[in-house]
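Below: structure-v1.pdb (PDB, C-alpha atoms)
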```
ATOM      1  CA  MET A   1      11.391 -26.776  -7.263
ATOM      2  CA  ASN A   2      14.000 -28.526  -9.383
ATOM      3  CA  ILE A   3      16.605 -26.053 -10.636
ATOM      4  CA  ARG A   4      18.142 -28.761 -12.832
ATOM      5  CA  SER A   5      15.089 -28.514 -15.081
ATOM      6  CA  LEU A   6      15.951 -24.905 -15.976
ATOM      7  CA  THR A   7      17.296 -24.265 -19.465
ATOM      8  CA  ARG A   8      19.794 -21.805 -20.908
ATOM      9  CA  GLY A   9      16.869 -19.666 -22.020
ATOM     10  CA  ASP A  10      15.699 -19.530 -18.404
ATOM     11  CA  GLY A  11      19.192 -18.391 -17.448
ATOM     12  CA  VAL A  12      18.902 -15.512 -19.920
ATOM     13  CA  VAL A  13      15.505 -14.632 -18.420
ATOM     14  CA  ILE A  14      16.977 -14.564 -14.911
ATOM     15  CA  GLY A  15      19.931 -12.422 -16.032
ATOM     16  CA  ALA A  16      17.624  -9.947 -17.790
ATOM     17  CA  ALA A  17      15.464  -9.658 -14.664
ATOM     18  CA  VAL A  18      18.542  -8.898 -12.557
ATOM     19  CA  LEU A  19      19.627  -6.223 -15.061
ATOM     20  CA  LEU A  20      16.125  -4.724 -14.965
ATOM     21  CA  PHE A  21      16.190  -4.548 -11.171
ATOM     22  CA  ILE A  22      19.589  -2.818 -11.214
ATOM     23  CA  ALA A  23      18.416  -0.361 -13.904
ATOM     24  CA  SER A  24      15.460   0.660 -11.735
ATOM     25  CA  PHE A  25      17.829   2.567  -9.426
ATOM     26  CA  PHE A  26      19.282   4.720 -12.221
ATOM     27  CA  ASP A  27      17.935   8.047 -13.495
ATOM     28  CA  LEU A  28      14.568   8.145 -15.164
ATOM     29  CA  TYR A  29      15.228  11.435 -17.033
ATOM     30  CA  SER A  30      18.126  13.107 -18.768
ATOM     31  CA  HIS A  31      18.129  16.837 -19.509
ATOM     32  CA  ASP A  32      20.819  19.033 -21.052
ATOM     33  CA  GLY A  33      22.014  21.990 -19.006
ATOM     34  CA  ILE A  34      20.698  20.719 -15.705
ATOM     35  CA  PRO A  35      23.014  21.375 -12.732
ATOM     36  CA  ASP A  36      24.975  18.420 -11.428
ATOM     37  CA  SER A  37      23.606  19.039  -7.938
ATOM     38  CA  TYR A  38      20.050  18.438  -9.139
ATOM     39  CA  ASP A  39      18.774  15.040  -8.021
ATOM     40  CA  LEU A  40      16.893  13.312 -10.832
ATOM     41  CA  PRO A  41      14.369  10.614  -9.860
ATOM     42  CA  SER A  42      15.025   6.945 -10.462
ATOM     43  CA  LEU A  43      12.569   4.598 -12.150
ATOM     44  CA  TRP A  44      10.914   4.099  -8.765
ATOM     45  CA  GLY A  45       9.828   7.735  -8.896
ATOM     46  CA  SER A  46       7.338   7.045 -11.704
ATOM     47  CA  GLY A  47       4.269   4.910 -11.010
ATOM     48  CA  PRO A  48       3.617   3.946 -14.652
ATOM     49  CA  VAL A  49       7.242   2.902 -15.158
ATOM     50  CA  VAL A  50       7.352   0.910 -11.918
ATOM     51  CA  LEU A  51       4.109  -0.957 -12.645
ATOM     52  CA  GLY A  52       4.347  -1.267 -16.409
ATOM     53  CA  VAL A  53       8.079  -1.918 -16.797
ATOM     54  CA  VAL A  54       9.938  -2.868 -13.613
ATOM     55  CA  LEU A  55       7.369  -4.967 -11.761
ATOM     56  CA  ALA A  56       5.804  -6.383 -14.927
ATOM     57  CA  GLY A  57       9.198  -7.596 -16.139
ATOM     58  CA  ILE A  58      10.294  -9.051 -12.789
ATOM     59  CA  ILE A  59       6.927 -10.765 -12.225
ATOM     60  CA  GLY A  60       7.036 -12.160 -15.759
ATOM     61  CA  ALA A  61      10.518 -13.593 -15.224
ATOM     62  CA  ALA A  62       9.487 -15.123 -11.885
ATOM     63  CA  LEU A  63       6.451 -16.820 -13.434
ATOM     64  CA  ILE A  64       8.510 -18.219 -16.323
ATOM     65  CA  VAL A  65      11.191 -19.664 -14.042
ATOM     66  CA  LEU A  66       8.607 -21.031 -11.583
ATOM     67  CA  ALA A  67       6.656 -22.738 -14.356
ATOM     68  CA  ARG A  68       9.784 -24.336 -15.858
ATOM     69  CA  SER A  69      11.077 -25.616 -12.523
ATOM     70  CA  ARG A  70       7.884 -27.430 -11.553
ATOM     71  CA  PRO A  71       7.399 -31.122 -12.463
ATOM     72  CA  GLN A  72       3.744 -30.500 -13.309
ATOM     73  CA  PRO A  73       2.317 -27.386 -15.030
ATOM     74  CA  LEU A  74       0.772 -24.764 -12.762
ATOM     75  CA  LYS A  75      -2.378 -23.299 -14.265
ATOM     76  CA  VAL A  76      -4.612 -20.328 -13.474
ATOM     77  CA  VAL A  77      -8.015 -20.118 -15.179
ATOM     78  CA  GLY A  78      -6.848 -22.809 -17.573
ATOM     79  CA  LEU A  79      -3.659 -21.025 -18.634
ATOM     80  CA  ASP A  80      -0.142 -22.111 -17.819
ATOM     81  CA  LEU A  81       1.753 -19.740 -15.518
ATOM     82  CA  GLY A  82       4.562 -19.753 -18.048
ATOM     83  CA  GLN A  83       2.212 -18.223 -20.618
ATOM     84  CA  PHE A  84       1.319 -15.487 -18.159
ATOM     85  CA  GLY A  85       5.037 -14.864 -17.650
ATOM     86  CA  VAL A  86       5.688 -14.519 -21.388
ATOM     87  CA  ALA A  87       2.764 -12.089 -21.675
ATOM     88  CA  PHE A  88       4.130  -9.986 -18.782
ATOM     89  CA  ALA A  89       7.601  -9.954 -20.364
ATOM     90  CA  VAL A  90       6.313  -8.759 -23.742
ATOM     91  CA  PHE A  91       4.108  -6.140 -22.074
ATOM     92  CA  ALA A  92       7.065  -4.829 -20.044
ATOM     93  CA  ALA A  93       9.186  -4.434 -23.182
ATOM     94  CA  TRP A  94       6.345  -2.653 -24.980
ATOM     95  CA  SER A  95       5.822  -0.287 -22.042
ATOM     96  CA  ALA A  96       9.537   0.439 -21.801
ATOM     97  CA  LEU A  97       9.636   1.332 -25.490
ATOM     98  CA  GLY A  98       6.787   3.817 -25.045
ATOM     99  CA  ASN A  99       8.480   5.447 -22.070
ATOM    100  CA  VAL A 100      11.769   5.772 -23.950
ATOM    101  CA  PHE A 101       9.977   7.680 -26.733
ATOM    102  CA  ASP A 102       8.065   9.884 -24.288
ATOM    103  CA  PRO A 103       9.665   9.838 -20.823
ATOM    104  CA  ALA A 104       7.728  12.928 -19.736
ATOM    105  CA  GLY A 105       4.400  11.194 -20.347
ATOM    106  CA  GLY A 106       2.946  13.997 -22.452
ATOM    107  CA  ALA A 107       3.813  16.787 -19.996
ATOM    108  CA  ASP A 108       6.119  18.330 -22.614
ATOM    109  CA  ASN A 109       3.137  18.833 -24.952
ATOM    110  CA  VAL A 110       1.377  21.317 -22.691
ATOM    111  CA  GLY A 111       1.134  24.893 -23.980
ATOM    112  CA  ASN A 112       3.572  25.683 -26.767
ATOM    113  CA  GLY A 113       5.121  22.199 -26.623
ATOM    114  CA  SER A 114       8.344  23.058 -24.864
ATOM    115  CA  SER A 115      11.021  20.440 -25.079
ATOM    116  CA  GLY A 116      10.903  18.007 -22.206
ATOM    117  CA  PRO A 117      13.489  15.679 -20.693
ATOM    118  CA  ASP A 118      15.045  12.780 -22.549
ATOM    119  CA  ALA A 119      15.147   9.169 -21.424
ATOM    120  CA  GLY A 120      17.634   8.638 -18.638
ATOM    121  CA  THR A 121      20.194   5.893 -18.169
ATOM    122  CA  GLY A 122      17.841   3.784 -16.074
ATOM    123  CA  LEU A 123      15.039   3.922 -18.624
ATOM    124  CA  ILE A 124      17.339   2.944 -21.490
ATOM    125  CA  LEU A 125      18.819   0.047 -19.500
ATOM    126  CA  ALA A 126      15.320  -1.055 -18.529
ATOM    127  CA  PHE A 127      14.269  -1.155 -22.170
ATOM    128  CA  ILE A 128      17.318  -3.268 -23.074
ATOM    129  CA  ALA A 129      16.646  -5.637 -20.165
ATOM    130  CA  THR A 130      12.949  -6.096 -20.964
ATOM    131  CA  LEU A 131      13.750  -6.570 -24.663
ATOM    132  CA  ILE A 132      16.200  -9.379 -23.807
ATOM    133  CA  LEU A 133      13.696 -10.818 -21.328
ATOM    134  CA  ALA A 134      10.862 -10.901 -23.852
ATOM    135  CA  ALA A 135      13.068 -12.312 -26.612
ATOM    136  CA  ALA A 136      14.348 -15.143 -24.387
ATOM    137  CA  ALA A 137      10.846 -15.955 -23.129
ATOM    138  CA  VAL A 138       9.468 -16.244 -26.654
ATOM    139  CA  ALA A 139      12.468 -17.943 -28.274
ATOM    140  CA  THR A 140      13.266 -20.606 -25.656
ATOM    141  CA  PRO A 141      10.564 -23.086 -26.804
ATOM    142  CA  LEU A 142      11.620 -22.527 -30.440
ATOM    143  CA  VAL A 143      15.438 -22.479 -30.366
ATOM    144  CA  PRO A 144      17.132 -25.815 -29.492
ATOM    145  CA  ALA A 145      20.274 -24.072 -28.228
ATOM    146  CA  LEU A 146      18.228 -22.313 -25.536
ATOM    147  CA  GLN A 147      16.536 -25.567 -24.507
ATOM    148  CA  SER A 148      19.752 -27.165 -23.262
ATOM    149  CA  SER A 149      20.025 -27.693 -19.538
ATOM    150  CA  LEU A 150      21.347 -24.713 -17.578
ATOM    151  CA  ILE A 151      23.055 -27.059 -15.078
ATOM    152  CA  ALA A 152      24.630 -30.028 -16.827
ATOM    153  CA  ALA A 153      24.150 -33.505 -15.443
ATOM    154  CA  PRO A 154      27.166 -34.830 -13.522
ATOM    155  CA  ARG A 155      29.263 -37.294 -15.442
ATOM    156  CA  PRO A 156      29.105 -40.976 -14.477
ATOM    157  CA  ALA A 157      31.639 -42.165 -11.945
ATOM    158  CA  ALA A 158      35.019 -43.279 -13.212
ATOM    159  CA  PRO A 159      35.837 -47.001 -12.934
ATOM    160  CA  GLN A 160      36.830 -47.913  -9.408
ATOM    161  CA  PRO A 161      40.170 -49.584  -8.669
ATOM    162  CA  TYR A 162      40.067 -53.295  -8.028
ATOM    163  CA  GLY A 163      38.700 -53.975  -4.564
ATOM    164  CA  ALA A 164      37.422 -50.407  -4.013
ATOM    165  CA  GLN A 165      33.781 -49.933  -3.156
ATOM    166  CA  PRO A 166      31.908 -47.392  -5.311
ATOM    167  CA  PRO A 167      29.687 -44.789  -3.668
ATOM    168  CA  ALA A 168      26.209 -46.016  -2.849
ATOM    169  CA  GLY A 169      22.912 -44.329  -3.408
ATOM    170  CA  TYR A 170      20.110 -44.417  -5.916
ATOM    171  CA  GLY A 171      20.542 -42.091  -8.849
ATOM    172  CA  TYR A 172      24.306 -42.519  -9.085
ATOM    173  CA  PRO A 173      25.506 -44.488 -12.106
ATOM    174  CA  GLY A 174      28.508 -45.913 -10.264
ATOM    175  CA  ALA A 175      26.444 -47.301  -7.387
ATOM    176  CA  PRO A 176      25.659 -51.040  -7.110
ATOM    177  CA  GLN A 177      21.991 -51.547  -7.805
ATOM    178  CA  ALA A 178      19.671 -54.477  -7.352
ATOM    179  CA  SER A 179      18.171 -55.845 -10.534
ATOM    180  CA  PHE A 180      14.505 -56.633 -10.937
ATOM    181  CA  GLY A 181      13.308 -59.429  -8.703
ATOM    182  CA  GLY A 182      15.718 -58.407  -5.944
ATOM    183  CA  GLN A 183      18.772 -60.199  -7.349
ATOM    184  CA  PRO A 184      22.105 -58.341  -7.136
ATOM    185  CA  GLN A 185      23.701 -56.991 -10.300
ATOM    186  CA  PRO A 186      27.022 -58.450 -11.505
ATOM    187  CA  GLY A 187      29.902 -57.013  -9.536
ATOM    188  CA  GLY A 188      28.125 -57.355  -6.171
ATOM    189  CA  PRO A 189      29.206 -59.633  -3.315
ATOM    190  CA  GLN A 190      29.997 -63.161  -4.480
ATOM    191  CA  GLN A 191      27.838 -66.020  -3.194
ATOM    192  CA  PRO A 192      29.442 -69.339  -2.192
ATOM    193  CA  TYR A 193      29.481 -71.871  -5.008
ATOM    194  CA  ALA A 194      26.909 -74.585  -4.413
ATOM    195  CA  GLY A 195      28.551 -77.941  -3.840
ATOM    196  CA  GLN A 196      32.027 -76.594  -3.147
ATOM    197  CA  PRO A 197      33.775 -78.611  -0.384
ATOM    198  CA  GLY A 198      33.911 -76.828   2.929
ATOM    199  CA  GLN A 199      31.297 -74.255   1.933
ATOM    200  CA  PRO A 200      27.632 -74.242   2.951
ATOM    201  CA  GLN A 201      25.132 -74.955   0.242
ATOM    202  CA  ALA A 202      23.764 -71.645  -1.091
ATOM    203  CA  GLN A 203      20.036 -71.700  -1.634
ATOM    204  CA  GLN A 204      19.353 -71.163  -5.222
ATOM    205  CA  PRO A 205      16.749 -68.492  -6.045
ATOM    206  CA  GLN A 206      13.476 -69.850  -7.266
ATOM    207  CA  ALA A 207      13.268 -67.396 -10.116
ATOM    208  CA  GLN A 208      15.964 -65.360 -11.769
ATOM    209  CA  ALA A 209      15.348 -61.851 -13.061
ATOM    210  CA  GLN A 210      14.189 -62.101 -16.608
ATOM    211  CA  GLN A 211      16.290 -60.315 -19.179
ATOM    212  CA  PRO A 212      14.159 -58.155 -21.475
ATOM    213  CA  ALA A 213      13.850 -59.221 -25.047
ATOM    214  CA  GLY A 214      16.601 -58.303 -27.512
ATOM    215  CA  ASP A 215      19.472 -58.769 -24.997
ATOM    216  CA  PHE A 216      18.672 -55.407 -23.445
ATOM    217  CA  SER A 217      20.781 -54.395 -20.453
ATOM    218  CA  PRO A 218      19.515 -51.719 -18.025
ATOM    219  CA  PHE A 219      21.534 -48.511 -18.116
ATOM    220  CA  TRP A 220      21.561 -45.063 -16.571
ATOM    221  CA  PHE A 221      20.655 -42.038 -18.636
ATOM    222  CA  ALA A 222      19.902 -38.316 -18.337
ATOM    223  CA  VAL A 223      17.638 -36.231 -20.546
ATOM    224  CA  PRO A 224      18.802 -32.951 -22.181
ATOM    225  CA  VAL A 225      15.479 -31.187 -21.466
ATOM    226  CA  ALA A 226      12.455 -31.928 -19.325
ATOM    227  CA  ARG A 227      10.414 -34.753 -20.860
ATOM    228  CA  PRO A 228       7.184 -36.470 -19.776
ATOM    229  CA  LEU A 229       7.016 -40.083 -18.694
ATOM    230  CA  PHE A 230       3.763 -41.726 -19.787
ATOM    231  CA  ALA A 231       1.963 -44.668 -18.222
ATOM    232  CA  GLU A 232       2.730 -48.122 -19.582
ATOM    233  CA  ASP A 233      -0.951 -48.750 -20.315
ATOM    234  CA  GLY A 234      -0.922 -46.090 -23.036
ATOM    235  CA  SER A 235      -2.698 -43.372 -21.043
ATOM    236  CA  PRO A 236      -2.007 -39.878 -22.458
ATOM    237  CA  THR A 237      -1.597 -38.408 -18.976
ATOM    238  CA  PRO A 238       2.074 -38.257 -17.835
ATOM    239  CA  VAL A 239       2.893 -40.113 -14.625
ATOM    240  CA  ALA A 240       6.083 -38.121 -14.045
ATOM    241  CA  GLU A 241       8.451 -35.668 -15.673
ATOM    242  CA  LEU A 242      12.131 -36.434 -16.188
ATOM    243  CA  ALA A 243      14.290 -33.419 -15.375
ATOM    244  CA  PRO A 244      17.747 -32.640 -16.800
ATOM    245  CA  GLY A 245      20.645 -33.161 -14.414
ATOM    246  CA  THR A 246      19.175 -36.299 -12.825
ATOM    247  CA  TRP A 247      20.049 -39.892 -13.646
ATOM    248  CA  TYR A 248      17.258 -42.359 -14.388
ATOM    249  CA  LEU A 249      17.327 -46.100 -14.978
ATOM    250  CA  ALA A 250      16.242 -47.521 -18.330
ATOM    251  CA  VAL A 251      14.856 -50.978 -17.579
ATOM    252  CA  GLU A 252      13.370 -52.042 -20.900
ATOM    253  CA  GLN A 253      13.170 -51.018 -24.538
ATOM    254  CA  ARG A 254       9.958 -51.086 -26.537
ATOM    255  CA  GLY A 255      10.664 -50.141 -30.095
ATOM    256  CA  PRO A 256      12.019 -46.577 -30.155
ATOM    257  CA  SER A 257      10.788 -45.937 -26.601
ATOM    258  CA  LEU A 258      12.326 -46.759 -23.232
ATOM    259  CA  ILE A 259      10.735 -47.973 -20.027
ATOM    260  CA  ALA A 260      12.310 -45.751 -17.380
ATOM    261  CA  GLN A 261      12.215 -45.824 -13.597
ATOM    262  CA  THR A 262      12.364 -42.710 -11.419
ATOM    263  CA  GLN A 263      14.044 -42.341  -8.039
ATOM    264  CA  ASP A 264      10.780 -42.968  -6.199
ATOM    265  CA  GLY A 265      10.147 -46.212  -8.065
ATOM    266  CA  ARG A 266       7.612 -44.995 -10.634
ATOM    267  CA  ARG A 267       7.855 -46.572 -14.077
ATOM    268  CA  GLY A 268       6.682 -45.249 -17.386
ATOM    269  CA  VAL A 269       7.331 -44.914 -21.093
ATOM    270  CA  LEU A 270       9.825 -42.321 -22.344
ATOM    271  CA  GLN A 271       8.668 -41.748 -25.903
ATOM    272  CA  ASP A 272      11.265 -39.126 -26.903
ATOM    273  CA  THR A 273      14.746 -40.619 -26.448
ATOM    274  CA  SER A 274      16.608 -38.230 -28.735
ATOM    275  CA  GLY A 275      19.775 -36.694 -27.278
ATOM    276  CA  ILE A 276      19.769 -38.675 -24.032
ATOM    277  CA  GLN A 277      23.088 -39.026 -22.196
ATOM    278  CA  ARG A 278      23.974 -42.584 -21.223
ATOM    279  CA  GLY A 279      25.764 -43.216 -17.959
TER     280      GLY A 279
END
```
Give the structure from this file in structure tokens form.
Amino acid sequence: MNIRSLTRGDGVVIGAAVLLFIASFFDLYSHDGIPDSYDLPSLWGSGPVVLGVVLAGIIGAALIVLARSRPQPLKVVGLDLGQFGVAFAVFAAWSALGNVFDPAGGADNVGNGSSGPDAGTGLILAFIATLILAAAAVATPLVPALQSSLIAAPRPAAPQPYGAQPPAGYGYPGAPQASFGGQPQPGGPQQPYAGQPGQPQAQQPQAQAQQPAGDFSPFWFAVPVARPLFAEDGSPTPVAELAPGTWYLAVEQRGPSLIAQTQDGRRGVLQDTSGIQRG
């Protein structure tokens, strides 16, 4: 699970689920004139409310977050788990609305139709929470502001003082990296100059790394939202998914697309380069 792939919309979904869980411990009913010593049931005292509102909303939020945090879609009977989560969220909001209108479940219509209890604090809070949950689940794929990364990518390292060694490690823009063909990038350890008196002759490499066409220089970048990385042979099946909050290496440019390399060495074509953050 990669939490850096979660968006702001997913953050709203998580917050709404937490509010729903808290609301489940508040009163289900509210009735005028009832003694203060009378203990009213919480939402957990009603089976239809627990199943149709509380658990449906929490399960829906869990499925949405799980689906967004996975590099590859998880499917059940051909449907994405995220779609199941959205359906659960909408159903929970619909059920909460019905219970707010009729918290007694029709019991107040028996006989002469005596007035029954009103919706309690917990039921009203649950309706608000499920309404926010459903709205965020539906609107996240449609609203660009909700598609931004929930956890921003760390900024590239500041320039190091002369003589200082930058931190090492793949995925860090300030780290020294080997270029293609195994040759060190500029700024690495200096090799002795061939032919210099008093220095051993350095063996020249047989082949230098070829610079891509158009004077392209490899650079680090991060994506604003999760984006697929397609195979270089033009296959429509993604070979990987780039997640927000992680730095990737652009090694070549092909028209408007970039050839990117992941941390495990996989390469592919990033077709959508809009809004990327360069390191």
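Proximity ranking of A:Glu232, A:Glu252, A:Asp118, A:Asp264 relative to Ile34 in chain A places A:Asp118 first, based on all atoms listed in the file.
Closest approach to Ala260 in chain A from the set A:Gly45, A:Gly57, A:Pro103, A:Pro218 is made by A:Pro218, with distances taken over only C-alpha atoms.
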Polymer residues at most 10 Å from range 90-95 of chain A, all atoms listed in the file, same-chain spacing of 2 or more positions, as a PyMOL selection string:
chain A and resi 48-60+85-88+97-100+126-135+137-138
When you look at Ala222 in chain A with a cut-off of 9 Å (counting all atoms listed in the file), what residues show up, excluding the ones that are within fewer than 4 positions of it in the same chain? I need them as a PyMOL selection string.
chain A and resi 153+242-249+276-279
Pairwise distance, CA of Gln261 in chain A with CA of Ser235 in chain A, equals 16.8 Å
Got a minute to add all heavy atoms to range 86-96 of chain A and dump it as a PDB file, keeping the file's coordinate frame?
```pdb
ATOM      1  N   VAL A  86       5.303 -15.025 -20.065  1.00  0.00           N
ATOM      2  CA  VAL A  86       5.688 -14.519 -21.388  1.00  0.00           C
ATOM      3  C   VAL A  86       4.897 -13.257 -21.715  1.00  0.00           C
ATOM      4  O   VAL A  86       5.450 -12.279 -22.243  1.00  0.00           O
ATOM      5  CB  VAL A  86       5.477 -15.606 -22.457  1.00  0.00           C
ATOM      6  CG1 VAL A  86       5.727 -15.034 -23.847  1.00  0.00           C
ATOM      7  CG2 VAL A  86       6.398 -16.787 -22.209  1.00  0.00           C
ATOM      8  N   ALA A  87       3.597 -13.267 -21.403  1.00  0.00           N
ATOM      9  CA  ALA A  87       2.764 -12.089 -21.675  1.00  0.00           C
ATOM     10  C   ALA A  87       3.250 -10.879 -20.875  1.00  0.00           C
ATOM     11  O   ALA A  87       3.322  -9.753 -21.401  1.00  0.00           O
ATOM     12  CB  ALA A  87       1.306 -12.398 -21.344  1.00  0.00           C
ATOM     13  N   PHE A  88       3.599 -11.078 -19.604  1.00  0.00           N
ATOM     14  CA  PHE A  88       4.130  -9.986 -18.782  1.00  0.00           C
ATOM     15  C   PHE A  88       5.446  -9.464 -19.358  1.00  0.00           C
ATOM     16  O   PHE A  88       5.690  -8.250 -19.374  1.00  0.00           O
ATOM     17  CB  PHE A  88       4.341 -10.472 -17.346  1.00  0.00           C
ATOM     18  CG  PHE A  88       3.170 -10.245 -16.441  1.00  0.00           C
ATOM     19  CD1 PHE A  88       2.284 -11.271 -16.170  1.00  0.00           C
ATOM     20  CD2 PHE A  88       2.955  -9.011 -15.852  1.00  0.00           C
ATOM     21  CE1 PHE A  88       1.201 -11.081 -15.331  1.00  0.00           C
ATOM     22  CE2 PHE A  88       1.869  -8.797 -15.007  1.00  0.00           C
ATOM     23  CZ  PHE A  88       0.987  -9.847 -14.752  1.00  0.00           C
ATOM     24  N   ALA A  89       6.306 -10.366 -19.823  1.00  0.00           N
ATOM     25  CA  ALA A  89       7.601  -9.954 -20.364  1.00  0.00           C
ATOM     26  C   ALA A  89       7.431  -9.100 -21.620  1.00  0.00           C
ATOM     27  O   ALA A  89       8.089  -8.067 -21.782  1.00  0.00           O
ATOM     28  CB  ALA A  89       8.458 -11.181 -20.666  1.00  0.00           C
ATOM     29  N   VAL A  90       6.553  -9.525 -22.517  1.00  0.00           N
ATOM     30  CA  VAL A  90       6.313  -8.759 -23.742  1.00  0.00           C
ATOM     31  C   VAL A  90       5.685  -7.407 -23.411  1.00  0.00           C
ATOM     32  O   VAL A  90       6.052  -6.374 -23.998  1.00  0.00           O
ATOM     33  CB  VAL A  90       5.427  -9.567 -24.702  1.00  0.00           C
ATOM     34  CG1 VAL A  90       5.045  -8.733 -25.917  1.00  0.00           C
ATOM     35  CG2 VAL A  90       6.135 -10.842 -25.148  1.00  0.00           C
ATOM     36  N   PHE A  91       4.744  -7.397 -22.472  1.00  0.00           N
ATOM     37  CA  PHE A  91       4.108  -6.140 -22.074  1.00  0.00           C
ATOM     38  C   PHE A  91       5.128  -5.171 -21.470  1.00  0.00           C
ATOM     39  O   PHE A  91       5.085  -3.961 -21.729  1.00  0.00           O
ATOM     40  CB  PHE A  91       2.991  -6.423 -21.070  1.00  0.00           C
ATOM     41  CG  PHE A  91       2.394  -5.186 -20.463  1.00  0.00           C
ATOM     42  CD1 PHE A  91       1.518  -4.394 -21.191  1.00  0.00           C
ATOM     43  CD2 PHE A  91       2.715  -4.809 -19.167  1.00  0.00           C
ATOM     44  CE1 PHE A  91       0.975  -3.237 -20.627  1.00  0.00           C
ATOM     45  CE2 PHE A  91       2.180  -3.670 -18.599  1.00  0.00           C
ATOM     46  CZ  PHE A  91       1.303  -2.874 -19.338  1.00  0.00           C
ATOM     47  N   ALA A  92       6.055  -5.695 -20.651  1.00  0.00           N
ATOM     48  CA  ALA A  92       7.065  -4.829 -20.044  1.00  0.00           C
ATOM     49  C   ALA A  92       7.958  -4.198 -21.103  1.00  0.00           C
ATOM     50  O   ALA A  92       8.303  -3.007 -21.024  1.00  0.00           O
ATOM     51  CB  ALA A  92       7.901  -5.638 -19.046  1.00  0.00           C
ATOM     52  N   ALA A  93       8.356  -4.985 -22.116  1.00  0.00           N
ATOM     53  CA  ALA A  93       9.186  -4.434 -23.182  1.00  0.00           C
ATOM     54  C   ALA A  93       8.433  -3.379 -23.977  1.00  0.00           C
ATOM     55  O   ALA A  93       8.993  -2.346 -24.359  1.00  0.00           O
ATOM     56  CB  ALA A  93       9.652  -5.562 -24.108  1.00  0.00           C
ATOM     57  N   TRP A  94       7.165  -3.629 -24.253  1.00  0.00           N
ATOM     58  CA  TRP A  94       6.345  -2.653 -24.980  1.00  0.00           C
ATOM     59  C   TRP A  94       6.187  -1.358 -24.186  1.00  0.00           C
ATOM     60  O   TRP A  94       6.281  -0.264 -24.744  1.00  0.00           O
ATOM     61  CB  TRP A  94       4.992  -3.284 -25.281  1.00  0.00           C
ATOM     62  CG  TRP A  94       4.073  -2.419 -26.088  1.00  0.00           C
ATOM     63  CD1 TRP A  94       2.986  -1.726 -25.647  1.00  0.00           C
ATOM     64  CD2 TRP A  94       4.149  -2.160 -27.506  1.00  0.00           C
ATOM     65  NE1 TRP A  94       2.386  -1.052 -26.676  1.00  0.00           N
ATOM     66  CE2 TRP A  94       3.077  -1.302 -27.827  1.00  0.00           C
ATOM     67  CE3 TRP A  94       5.023  -2.573 -28.506  1.00  0.00           C
ATOM     68  CZ2 TRP A  94       2.866  -0.851 -29.130  1.00  0.00           C
ATOM     69  CZ3 TRP A  94       4.801  -2.116 -29.792  1.00  0.00           C
ATOM     70  CH2 TRP A  94       3.737  -1.271 -30.094  1.00  0.00           C
ATOM     71  N   SER A  95       5.960  -1.474 -22.883  1.00  0.00           N
ATOM     72  CA  SER A  95       5.822  -0.287 -22.042  1.00  0.00           C
ATOM     73  C   SER A  95       7.133   0.486 -21.946  1.00  0.00           C
ATOM     74  O   SER A  95       7.142   1.724 -21.957  1.00  0.00           O
ATOM     75  CB  SER A  95       5.354  -0.698 -20.634  1.00  0.00           C
ATOM     76  OG  SER A  95       4.096  -1.324 -20.682  1.00  0.00           O
ATOM     77  N   ALA A  96       8.240  -0.238 -21.865  1.00  0.00           N
ATOM     78  CA  ALA A  96       9.537   0.439 -21.801  1.00  0.00           C
ATOM     79  C   ALA A  96       9.819   1.204 -23.085  1.00  0.00           C
ATOM     80  O   ALA A  96      10.366   2.325 -23.048  1.00  0.00           O
ATOM     81  CB  ALA A  96      10.643  -0.586 -21.545  1.00  0.00           C
TER      82      ALA A  96
END
```
